[in-house]
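> My structure is stored as query.cif, with mmCIF, C-alpha atoms.
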```cif
data_protein
loop_
_atom_site.label_atom_id
_atom_site.label_comp_id
_atom_site.auth_asym_id
_atom_site.auth_seq_id
_atom_site.Cartn_x
_atom_site.Cartn_y
_atom_site.Cartn_z
CA MET Z 16 2.01 38.20 63.20
CA LEU Z 17 -1.06 40.44 63.06
CA ALA Z 18 -2.24 43.10 65.47
CA CYS Z 19 -4.91 45.79 65.20
CA ARG Z 20 -4.48 49.56 65.50
CA SER Z 21 -7.70 51.44 64.59
CA GLU Z 22 -8.30 50.58 60.93
CA LYS Z 23 -4.79 49.37 60.18
CA VAL Z 24 -3.14 46.07 60.97
CA VAL Z 25 0.52 45.36 61.44
CA GLN Z 26 2.52 42.49 60.01
CA ARG Z 27 5.88 41.72 61.59
CA TRP Z 28 8.63 39.77 59.89
CA TYR Z 29 12.21 38.81 60.66
CA VAL Z 30 14.75 39.51 57.94
CA PRO Z 31 16.25 36.11 57.00
CA HIS Z 32 19.97 35.50 56.78
CA HIS Z 33 20.08 35.40 52.98
CA LEU Z 34 18.54 38.89 52.75
CA GLY Z 35 20.93 40.54 55.18
CA GLY Z 36 22.21 43.80 53.70
CA ILE Z 37 19.21 44.38 51.43
CA ARG Z 38 17.76 47.89 51.11
CA ALA Z 39 14.44 48.47 52.88
CA ASP Z 40 12.59 49.29 49.65
CA ARG Z 41 13.95 46.19 47.90
CA TYR Z 42 12.99 44.01 50.86
CA LEU Z 43 9.43 45.31 50.76
CA VAL Z 44 9.16 44.57 47.02
CA HIS Z 45 10.59 41.08 47.60
CA HIS Z 46 8.30 40.23 50.51
CA ILE Z 47 4.98 41.62 49.27
CA GLY Z 48 5.39 40.99 45.57
CA ARG Z 49 3.65 42.73 42.67
CA ILE Z 50 4.43 46.25 43.85
CA SER Z 51 6.94 48.53 42.21
CA ARG Z 52 10.03 49.85 43.95
CA ASN Z 53 8.59 53.33 43.64
CA LYS Z 54 5.44 52.20 45.46
CA ALA Z 55 7.58 50.58 48.18
CA GLN Z 56 9.48 53.85 48.65
CA LYS Z 57 6.22 55.78 49.06
CA ILE Z 58 5.03 53.27 51.70
CA ILE Z 59 8.29 53.72 53.64
CA GLU Z 60 8.27 57.51 53.32
CA ALA Z 61 4.69 57.55 54.65
CA GLY Z 62 5.91 55.77 57.79
CA ASP Z 63 3.97 52.57 57.17
CA PHE Z 64 7.04 50.30 56.94
CA LYS Z 65 9.28 50.45 60.01
CA LEU Z 66 12.25 48.83 61.71
CA SER Z 67 11.19 47.75 65.22
CA SER Z 68 8.62 50.59 65.25
CA ALA Z 69 11.26 53.15 64.21
CA LEU Z 70 10.97 55.12 60.99
CA LEU Z 71 13.08 54.03 58.03
CA LYS Z 72 14.56 55.49 54.89
CA PRO Z 73 14.11 53.51 51.66
CA SER Z 74 17.91 53.24 51.34
CA ARG Z 75 18.40 51.84 54.84
CA LYS Z 76 20.13 48.44 54.70
CA LEU Z 77 18.48 45.78 56.82
CA ARG Z 78 20.43 43.24 58.82
CA SER Z 79 19.75 39.55 59.24
CA GLY Z 80 17.43 39.11 62.23
CA ASP Z 81 15.98 42.63 62.10
CA THR Z 82 12.27 42.91 62.97
CA VAL Z 83 10.37 44.94 60.40
CA GLU Z 84 6.74 46.07 60.50
CA LEU Z 85 4.25 46.88 57.77
CA TRP Z 86 1.19 48.87 58.81
CA ARG Z 87 -1.64 48.98 56.33
CA ILE Z 88 -5.40 48.99 55.87
CA PRO Z 89 -6.28 45.39 54.97
CA PRO Z 90 -7.26 44.90 51.32
CA ASP Z 91 -9.72 42.21 52.42
CA SER Z 92 -11.41 41.08 55.64
CA PRO Z 93 -11.51 37.96 57.87
CA GLU Z 94 -14.85 37.07 56.27
CA ASP Z 95 -13.01 36.49 52.99
CA LEU Z 96 -11.19 33.46 54.40
CA LEU Z 97 -11.82 30.37 52.27
CA SER Z 98 -13.14 27.24 53.94
CA ASN Z 99 -12.73 24.71 51.11
CA ILE Z 100 -9.20 23.68 52.06
CA LYS Z 101 -8.96 19.89 52.40
CA VAL Z 102 -6.70 18.13 54.88
CA ILE Z 103 -5.19 15.19 53.00
CA PHE Z 104 -2.95 13.90 55.79
CA GLU Z 105 -1.87 14.92 59.26
CA ASP Z 106 0.46 13.54 61.91
CA GLU Z 107 2.76 15.03 64.55
CA LYS Z 108 5.23 16.31 61.91
CA LEU Z 109 3.29 17.00 58.72
CA LEU Z 110 0.11 18.61 57.48
CA ILE Z 111 -0.67 17.91 53.83
CA LEU Z 112 -3.34 20.16 52.34
CA SER Z 113 -5.17 20.48 49.05
CA LYS Z 114 -5.27 24.19 48.25
CA PRO Z 115 -8.07 25.65 46.12
CA GLY Z 116 -7.18 27.67 43.02
CA ASP Z 117 -8.03 31.07 44.45
CA LEU Z 118 -5.91 31.26 47.56
CA ALA Z 119 -2.57 32.95 48.17
CA ILE Z 120 -0.24 31.15 50.55
CA HIS Z 121 1.32 34.27 52.09
CA PRO Z 122 -0.02 37.85 52.39
CA THR Z 123 0.35 39.94 49.24
CA ALA Z 124 -0.56 43.43 48.15
CA ARG Z 125 -4.10 42.18 47.41
CA TYR Z 126 -4.66 39.60 50.15
CA LEU Z 127 -4.12 39.56 53.90
CA TYR Z 128 -6.85 37.34 55.30
CA ARG Z 129 -7.63 35.31 52.18
CA THR Z 130 -4.36 33.42 52.60
CA LEU Z 131 -3.32 29.96 53.67
CA THR Z 132 -1.17 31.30 56.50
CA TYR Z 133 -4.19 33.07 58.01
CA TRP Z 134 -6.25 29.88 57.58
CA LEU Z 135 -3.59 28.04 59.57
CA LYS Z 136 -3.76 30.65 62.37
CA VAL Z 137 -7.55 30.27 62.57
CA ASN Z 138 -7.71 26.48 62.33
CA TYR Z 139 -4.57 25.62 64.30
CA PRO Z 140 -4.43 28.35 66.99
CA GLY Z 141 -1.27 28.44 69.04
CA GLN Z 142 0.57 26.09 66.70
CA SER Z 143 3.50 27.04 64.53
CA ILE Z 144 2.77 25.41 61.16
CA HIS Z 145 4.66 26.56 58.09
CA PRO Z 146 4.20 25.89 54.36
CA CYS Z 147 7.41 24.28 53.05
CA HIS Z 148 7.08 25.48 49.46
CA ARG Z 149 5.03 27.80 47.29
CA LEU Z 150 2.17 27.37 44.88
CA ASP Z 151 0.97 30.27 42.74
CA ARG Z 152 -2.29 31.69 44.07
CA GLU Z 153 -4.27 30.29 41.15
CA THR Z 154 -2.58 26.88 41.20
CA SER Z 155 -4.62 24.31 43.11
CA GLY Z 156 -3.47 21.09 44.72
CA LEU Z 157 -1.03 19.58 47.18
CA LEU Z 158 0.91 21.65 49.66
CA ILE Z 159 3.31 20.31 52.30
CA CYS Z 160 3.24 22.08 55.67
CA ALA Z 161 5.54 21.28 58.58
CA LYS Z 162 4.45 21.16 62.21
CA THR Z 163 8.00 21.13 63.62
CA LYS Z 164 11.13 23.13 62.81
CA GLU Z 165 13.04 19.91 62.19
CA ALA Z 166 10.50 18.64 59.66
CA GLU Z 167 10.41 22.05 57.96
CA SER Z 168 14.20 22.06 57.62
CA GLN Z 169 14.26 18.52 56.25
CA ILE Z 170 11.52 19.12 53.70
CA LYS Z 171 13.04 22.39 52.47
CA LYS Z 172 16.43 20.70 52.15
CA ALA Z 173 14.81 17.87 50.18
CA PHE Z 174 13.29 20.43 47.80
CA MET Z 175 16.69 22.06 47.31
CA ASN Z 176 18.25 18.67 46.58
CA GLY Z 177 15.55 17.65 44.10
CA GLU Z 178 14.30 14.84 46.34
CA ILE Z 179 10.64 15.88 46.28
CA HIS Z 180 8.92 14.33 43.27
CA LYS Z 181 5.92 16.31 42.01
CA THR Z 182 3.43 15.71 39.22
CA TYR Z 183 1.04 18.37 37.96
CA LEU Z 184 -1.94 18.35 35.62
CA ALA Z 185 -2.56 21.23 33.22
CA LEU Z 186 -5.09 22.09 30.57
CA VAL Z 187 -3.31 23.72 27.67
CA ASP Z 188 -4.52 25.54 24.60
CA GLY Z 189 -3.98 23.49 21.44
CA ARG Z 190 -3.37 19.87 20.61
CA LEU Z 191 -0.22 18.41 22.14
CA VAL Z 192 0.43 15.19 20.23
CA ARG Z 193 3.65 13.80 21.66
CA PRO Z 194 5.69 14.16 24.88
CA ILE Z 195 8.03 17.12 25.24
CA ILE Z 196 11.21 17.47 27.27
CA CYS Z 197 11.75 21.20 27.78
CA GLU Z 198 15.13 22.41 29.04
CA ARG Z 199 14.91 26.12 28.28
CA PRO Z 200 16.80 28.23 30.89
CA LEU Z 201 14.64 30.84 32.59
CA ALA Z 202 15.30 34.25 34.12
CA LEU Z 203 13.17 37.06 35.51
CA GLN Z 204 12.18 39.53 32.83
CA GLY Z 205 12.67 42.49 35.16
CA SER Z 206 12.97 45.76 33.25
CA ARG Z 207 13.10 43.99 29.88
CA GLY Z 208 9.31 43.99 29.57
CA LEU Z 209 6.05 45.30 30.97
CA VAL Z 210 5.70 42.67 33.76
CA ALA Z 211 8.83 42.33 35.88
CA ILE Z 212 7.84 39.00 37.51
CA LYS Z 213 7.45 37.19 34.19
CA MET Z 214 9.96 34.40 33.54
CA ILE Z 215 11.52 34.46 30.08
CA GLU Z 216 13.93 32.23 28.19
CA ASP Z 217 17.48 33.50 28.70
CA GLN Z 218 20.24 31.40 27.19
CA LEU Z 219 22.95 33.66 28.62
CA ASP Z 220 21.94 34.33 32.23
CA GLY Z 221 18.96 32.04 32.80
CA LEU Z 222 18.96 29.26 35.39
CA PRO Z 223 18.82 25.63 34.17
CA CYS Z 224 15.23 24.33 33.99
CA HIS Z 225 13.90 20.90 33.08
CA THR Z 226 10.23 19.98 32.69
CA GLU Z 227 8.71 16.90 31.07
CA PHE Z 228 5.24 17.01 29.49
CA LYS Z 229 3.05 14.08 28.45
CA PRO Z 230 -0.32 14.53 26.71
CA LEU Z 231 -3.15 12.53 28.28
CA HIS Z 232 -6.24 13.56 26.34
CA HIS Z 233 -7.26 16.07 23.68
CA ASP Z 234 -10.75 17.53 23.52
CA PRO Z 235 -11.55 18.50 19.89
CA VAL Z 236 -14.45 20.80 20.86
CA SER Z 237 -12.41 23.13 23.06
CA ASN Z 238 -9.08 22.22 21.42
CA TRP Z 239 -7.62 21.81 24.90
CA THR Z 240 -5.19 19.07 25.91
CA LEU Z 241 -4.88 17.59 29.38
CA VAL Z 242 -1.14 17.33 30.08
CA GLU Z 243 0.84 15.57 32.79
CA CYS Z 244 3.70 17.85 33.88
CA THR Z 245 6.78 16.66 35.74
CA PRO Z 246 9.19 19.43 36.83
CA LYS Z 247 12.72 18.22 37.48
CA THR Z 248 13.81 21.64 38.75
CA GLY Z 249 11.85 24.18 40.78
CA ARG Z 250 12.04 27.63 39.24
CA GLN Z 251 9.41 30.33 39.57
CA HIS Z 252 6.53 29.85 37.10
CA GLN Z 253 8.52 27.01 35.50
CA ILE Z 254 5.63 24.89 34.19
CA ARG Z 255 3.64 27.93 33.03
CA ALA Z 256 6.60 29.53 31.26
CA HIS Z 257 7.83 26.31 29.65
CA LEU Z 258 4.39 25.40 28.28
CA ALA Z 259 3.94 28.90 26.84
CA LEU Z 260 7.40 28.82 25.27
CA GLU Z 261 6.56 25.48 23.65
CA GLY Z 262 3.40 27.00 22.17
CA TYR Z 263 0.86 25.47 24.57
CA PRO Z 264 -0.06 28.09 27.20
CA ILE Z 265 -2.15 27.01 30.17
CA VAL Z 266 -5.84 27.78 29.76
CA GLY Z 267 -6.79 30.76 31.91
CA ASP Z 268 -3.19 31.86 32.58
CA LYS Z 269 -3.50 35.64 32.83
CA LEU Z 270 0.20 36.27 32.21
CA TYR Z 271 1.62 33.56 29.96
CA GLY Z 272 -1.64 32.82 28.18
CA MET Z 273 -3.44 36.16 27.93
CA GLY Z 274 -0.29 38.28 27.65
CA GLU Z 275 1.49 41.00 29.58
CA ALA Z 276 -0.94 43.80 28.70
CA PHE Z 277 -3.89 41.78 30.02
CA PHE Z 278 -2.01 40.80 33.18
CA ASP Z 279 -0.98 44.40 33.83
CA ALA Z 280 -4.60 45.51 33.43
CA TYR Z 281 -5.73 42.66 35.70
CA THR Z 282 -3.43 43.77 38.53
CA LYS Z 283 -4.96 47.24 38.22
CA HIS Z 284 -8.54 45.84 38.25
CA GLU Z 285 -9.01 47.12 34.69
CA ALA Z 286 -9.02 43.85 32.69
CA ASN Z 287 -12.02 42.57 30.76
CA LEU Z 288 -12.52 39.28 32.63
CA THR Z 289 -15.10 38.05 30.10
CA LEU Z 290 -12.16 37.34 27.77
CA LEU Z 291 -10.90 34.60 30.09
CA PRO Z 292 -11.76 31.03 29.03
CA LEU Z 293 -11.61 30.01 32.71
CA PRO Z 294 -11.64 32.17 35.85
CA HIS Z 295 -8.38 30.65 37.12
CA GLN Z 296 -5.36 29.10 35.44
CA ALA Z 297 -5.87 25.37 34.86
CA LEU Z 298 -2.84 24.05 36.75
CA HIS Z 299 -3.09 21.52 39.58
CA ALA Z 300 -0.43 20.02 41.88
CA TRP Z 301 -1.68 16.45 41.51
CA LYS Z 302 0.78 14.04 43.12
CA ILE Z 303 3.78 14.29 45.42
CA ARG Z 304 6.32 11.77 46.76
CA PHE Z 305 9.10 12.22 49.30
CA CYS Z 306 10.95 10.56 52.18
CA LEU Z 307 11.09 11.87 55.76
CA ASP Z 308 12.99 10.12 58.55
CA GLY Z 309 13.18 6.94 56.50
CA VAL Z 310 9.42 6.86 55.81
CA GLU Z 311 8.14 7.09 52.23
CA TYR Z 312 5.16 9.38 51.72
CA GLY Z 313 2.95 9.66 48.66
CA PHE Z 314 -0.18 11.75 48.20
CA GLU Z 315 -2.67 12.61 45.47
CA ALA Z 316 -5.14 15.51 45.34
CA GLU Z 317 -8.44 15.05 43.55
CA CYS Z 318 -8.42 17.04 40.33
CA ALA Z 319 -11.41 18.80 38.77
CA LEU Z 320 -9.47 19.32 35.53
CA LEU Z 321 -10.13 15.71 34.55
CA GLY Z 322 -13.77 16.63 33.99
CA PHE Z 323 -13.05 19.31 31.39
CA VAL Z 324 -11.94 16.95 28.63
CA GLY Z 325 -14.12 13.91 29.17
CA ASN Z 326 -12.88 10.37 29.83
#
```
Please express what this file holds, its structure, as structure tokens.

Amino acid sequence: MLACRSEKVVQRWYVPHHLGGIRADRYLVHHIGRISRNKAQKIIEAGDFKLSSALLKPSRKLRSGDTVELWRIPPDSPEDLLSNIKVIFEDEKLLILSKPGDLAIHPTARYLYRTLTYWLKVNYPGQSIHPCHRLDRETSGLLICAKTKEAESQIKKAFMNGEIHKTYLALVDGRLVRPIICERPLALQGSRGLVAIKMIEDQLDGLPCHTEFKPLHHDPVSNWTLVECTPKTGRQHQIRAHLALEGYPIVGDKLYGMGEAFFDAYTKHEANLTLLPLPHQALHAWKIRFCLDGVEYGFEAECALLGFVGN
């Protein structure tokens, strides 16, 4: 929810059940993403993150169902809203969209209006439509949104049970000759490296991950390979991390391809962007299949990556 107050806007959220008991500073880091805990504490101490309009301490534990508010000067403006979002399918329960590769789904530290959720508010006023899963901001392709609470619950449950079948396309650096089945367990890097949100292989504490890769075409000029990616689990950054660990990072991936130092500089607006082979990471959510109320659905999003490596 957005409301204006002079130059600042307010975002209101309800603390979900699974985050009940979390500290206010940790909740802010979790919800916004890509800010440090120290930064979150400064926001709270400045009075810009509140509990039902009341001031908070960073150590205050939030309860399930609490209403929290974040007041801030928007990092962007309504004019930054993208218009090239394609509606693939729509009925009374579902809205299937093709997201461009420069659009965050939810508000972040860098984007408030240039988000899919704001696009939904503008294009479907008065309707409660919710994305059922996440795509990284730079990942293009299919996104399932629900138009009813029942459909949202069913789709999210299907994701948890591995009943949503997704296929991605990626351009990777190097020549992938044969299919790969990658089952490296992944965990958040956290304090073990420069970028806390990076997923790393962790044989001891990592979560099970399974991704299958099949090469489709290799372009000898660029030395890029078009790869079909089939994730069997749904961990954060799974495809990106697995490809990098196998030695074939996604072209244009600022974290797993260009490295932590570049990504850290990028988040601070200090990176040399001329070093990037592509402006955005070359990963596309291509196909998706699932069942809802006994009906089988299958969708495909047109993919510009096919043009990079010829026919």
> Could you tell me how far CA of Leu71 in chain Z lies from CA of Tyr126 in chain Z, in Å and to one decimal?
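So the two atoms, CA of Leu71 in chain Z and CA of Tyr126 in chain Z, lie 24.2 Å apart.
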> If I take CA of Pro246 in chain Z and CA of Ile50 in chain Z, how far is one from the other in Å, to one decimal?
28.1 Å
> To one decimal in Å, tell me the separation between CA of Ile179 in chain Z and CA of Leu150 in chain Z.
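Rounded to one decimal, the two atoms are 14.3 Å apart.
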> Within 8 Å of Ser79 in chain Z, counting all atoms listed in the file, which residues qualify if same-chain residues fewer than 2 places away don't, as a PyMOL selection string?
chain Z and resi 29-36+77+81
> How big is the axis-aligned box around all listed atoms of range 129-140 of chain Z once 8 Å goes on each side, and where's its centre, in Å to one decimal, as JSON?

```
{"center_x": -4.4, "center_y": 30.5, "center_z": 59.6, "size_x": 22.5, "size_y": 25.7, "size_z": 30.8}
```
> Closest to Pro292 in chain Z among Z:Val187, Z:Ile88, Z:Ile212, Z:Ala166, using all atoms listed in the file?
Z:Val187
> Looking at Z:Gln204, Z:Asn99, Z:Thr248, Z:Thr226, which one is nearest to Glu261 in chain Z, with distances taken over all atoms listed in the file?
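Checking each candidate against Glu261 in chain Z, we get Z:Thr226 as the closest.
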> Let me make sure I understand: among Z:Val24, Z:Leu293, Z:Ala69, Z:Cys244, which one has the smallest atom-to-atom distance to Leu258 in chain Z if we use only C-alpha atoms?
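Distance minimum relative to Leu258 in chain Z lands on Z:Cys244.
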> Using all atoms listed in the file, can you list as an MDAnalysis selection string the residues within 12 Å of (6.4, 43.8, 29.3)?
chainID Z and resid 203:215 270:271 274:280
> Dump C-alpha atoms for the selected residues as a PDB file, in the coordinates of the input?

```pdb
ATOM      1  CA  LEU Z 203      13.170  37.060  35.510  1.00  0.00           C
ATOM      2  CA  GLN Z 204      12.180  39.530  32.830  1.00  0.00           C
ATOM      3  CA  GLY Z 205      12.670  42.490  35.160  1.00  0.00           C
ATOM      4  CA  SER Z 206      12.970  45.760  33.250  1.00  0.00           C
ATOM      5  CA  ARG Z 207      13.100  43.990  29.880  1.00  0.00           C
ATOM      6  CA  GLY Z 208       9.310  43.990  29.570  1.00  0.00           C
ATOM      7  CA  LEU Z 209       6.050  45.300  30.970  1.00  0.00           C
ATOM      8  CA  VAL Z 210       5.700  42.670  33.760  1.00  0.00           C
ATOM      9  CA  ALA Z 211       8.830  42.330  35.880  1.00  0.00           C
ATOM     10  CA  ILE Z 212       7.840  39.000  37.510  1.00  0.00           C
ATOM     11  CA  LYS Z 213       7.450  37.190  34.190  1.00  0.00           C
ATOM     12  CA  MET Z 214       9.960  34.400  33.540  1.00  0.00           C
ATOM     13  CA  ILE Z 215      11.520  34.460  30.080  1.00  0.00           C
ATOM     14  CA  LEU Z 270       0.200  36.270  32.210  1.00  0.00           C
ATOM     15  CA  TYR Z 271       1.620  33.560  29.960  1.00  0.00           C
ATOM     16  CA  GLY Z 274      -0.290  38.280  27.650  1.00  0.00           C
ATOM     17  CA  GLU Z 275       1.490  41.000  29.580  1.00  0.00           C
ATOM     18  CA  ALA Z 276      -0.940  43.800  28.700  1.00  0.00           C
ATOM     19  CA  PHE Z 277      -3.890  41.780  30.020  1.00  0.00           C
ATOM     20  CA  PHE Z 278      -2.010  40.800  33.180  1.00  0.00           C
ATOM     21  CA  ASP Z 279      -0.980  44.400  33.830  1.00  0.00           C
ATOM     22  CA  ALA Z 280      -4.600  45.510  33.430  1.00  0.00           C
TER      23      ALA Z 280
END
```
